[in-house]
Amino acid sequence: MGRFLQIMGLVIGLAGLVLQFCITVPASMEAGRSLLGSIVFLLSFFTILTNIGAVLVHTSLLSPSGYAWLPAFAGTRMRAGVAVSIALVFIIYATVLARLWQPQGLFLLCDVVLHYVTPVLFVLWWLISGADGRTRWSDISWWMVYPVAYLAYALARAPFAGEVPYPFLDVAKNGATSVAISAAAITGLFFVLCVVAVLVDHGVASTRASTLR
């Protein structure tokens, strides 16, 4: 079951990312961005970066040479960190972003795939096969680097690009205080998910050990 979920996650995740690239870049160029600017725009979304991470984890673990290909993405810390990050993608989209726009056609398909399908597949895979009880509380400090660095990048890029990837990060429209509160809330949620991930990882490992006795 774990391998099936992993293969499905890889195939569906890669297909979703490729399709998103193929429809977003031309639309972005029509809106006035250059090719490079359109690619940077696409890669400025937390959803895209996190789904790329999930695909790399699956690819690393499914490679014929075992863990030799991109070994950093095959490790316990990375697997759990991506599980936390992609769970955040699901939660924030479902509770905040989904009601802010109504994508149509292929854009809707990509939204469903990258915000709902791939997160569910990855988290289920991690619970079944990826969690091994080896995560440590100190890993949380490493996982926190990703959302903090992303927020710093998105906010630093905004004045130069004249755009933000997510509406709640728009200082010009919402004000610095509102953006700071949103950023703090998301960072806090990510931290809570990190704590849950460590507890679940240890719990899953204990359950497996008890089953094998």
# chains A, B, ... in the order shown; residues from 1 in each chain; ligands from 1

$ residues_around --residues "A:Gly2" --least-positions-apart "4" --cutoff "8 Å" --atoms "only C-alpha atoms" --output "PyMOL selection string"
chain A and resi 6+125+128-129

$ residues_around --residues "A:Thr50" --least-positions-apart "3" --cutoff "7 Å" --atoms "only C-alpha atoms" --output "PDB file with C-alpha atoms, in the first residue's frame"
ATOM      1  CA  PHE A  46       4.645  27.881  -1.414  1.00  0.00           C
ATOM      2  CA  THR A  47       2.340  25.272  -2.954  1.00  0.00           C
ATOM      3  CA  GLY A  53       9.769  18.746  -2.599  1.00  0.00           C
ATOM      4  CA  ALA A  54       7.199  15.950  -2.365  1.00  0.00           C
ATOM      5  CA  VAL A  82       7.705  17.739   3.655  1.00  0.00           C
ATOM      6  CA  SER A  85       4.715  21.495   4.812  1.00  0.00           C
ATOM      7  CA  ILE A  86       2.287  19.853   2.423  1.00  0.00           C
TER       8      ILE A  86
END

$ atom_distance --atom1 "atom CA of A:Gly188" --atom2 "atom CA of A:Ser138"
16.7 Å

$ closest_atom_pairs --of "stretch 45-116 of chain A" --to "stretch 194-208 of chain A" --cutoff "12 Å" --atoms "only C-alpha atoms" --output "JSON lines"
{"residue": "A:Thr76", "atom": "CA", "partner": "A:Asp201", "partner_atom": "CA", "distance": 10.0}
{"residue": "A:Arg77", "atom": "CA", "partner": "A:Val198", "partner_atom": "CA", "distance": 10.1}
{"residue": "A:Arg79", "atom": "CA", "partner": "A:Ala197", "partner_atom": "CA", "distance": 10.6}
{"residue": "A:Ala80", "atom": "CA", "partner": "A:Ala197", "partner_atom": "CA", "distance": 6.9}
{"residue": "A:Gly81", "atom": "CA", "partner": "A:Cys194", "partner_atom": "CA", "distance": 7.7}
{"residue": "A:Val82", "atom": "CA", "partner": "A:Cys194", "partner_atom": "CA", "distance": 10.3}
{"residue": "A:Ala83", "atom": "CA", "partner": "A:Ala197", "partner_atom": "CA", "distance": 8.1}
{"residue": "A:Val84", "atom": "CA", "partner": "A:Cys194", "partner_atom": "CA", "distance": 6.1}
{"residue": "A:Ser85", "atom": "CA", "partner": "A:Cys194", "partner_atom": "CA", "distance": 8.9}
{"residue": "A:Ile86", "atom": "CA", "partner": "A:Cys194", "partner_atom": "CA", "distance": 11.6}
{"residue": "A:Ala87", "atom": "CA", "partner": "A:Cys194", "partner_atom": "CA", "distance": 10.2}
{"residue": "A:Leu88", "atom": "CA", "partner": "A:Cys194", "partner_atom": "CA", "distance": 10.2}

$ select_by_dssp --residues "stretch 28-88 of chain A" --states "helix (DSSP H, G or I)" --output "number ranges by chain"
A: 28-30, 35-42, 46-62, 66-68, 71-73, 76-88

$ closest_residue --among "A:Val192, A:Val40, A:Cys110, A:Ala152" --to "A:Ala180" --atoms "only C-alpha atoms"
A:Ala152

$ atom_distance --atom1 "atom CA of A:Ile23" --atom2 "atom CA of A:Leu121"
23.5 Å

$ closest_residue --among "A:Ala184, A:Ala27, A:Ala94, A:Leu189" --to "A:Phe107" --atoms "only C-alpha atoms"
A:Ala27

$ residues_around --residues "A:Asn51" --least-positions-apart "2" --cutoff "10 Å" --atoms "only C-alpha atoms" --output "PyMOL selection string"
chain A and resi 9-10+13-14+16-17+46-49+53-57+82+85-86+89+114-115+118-119+122
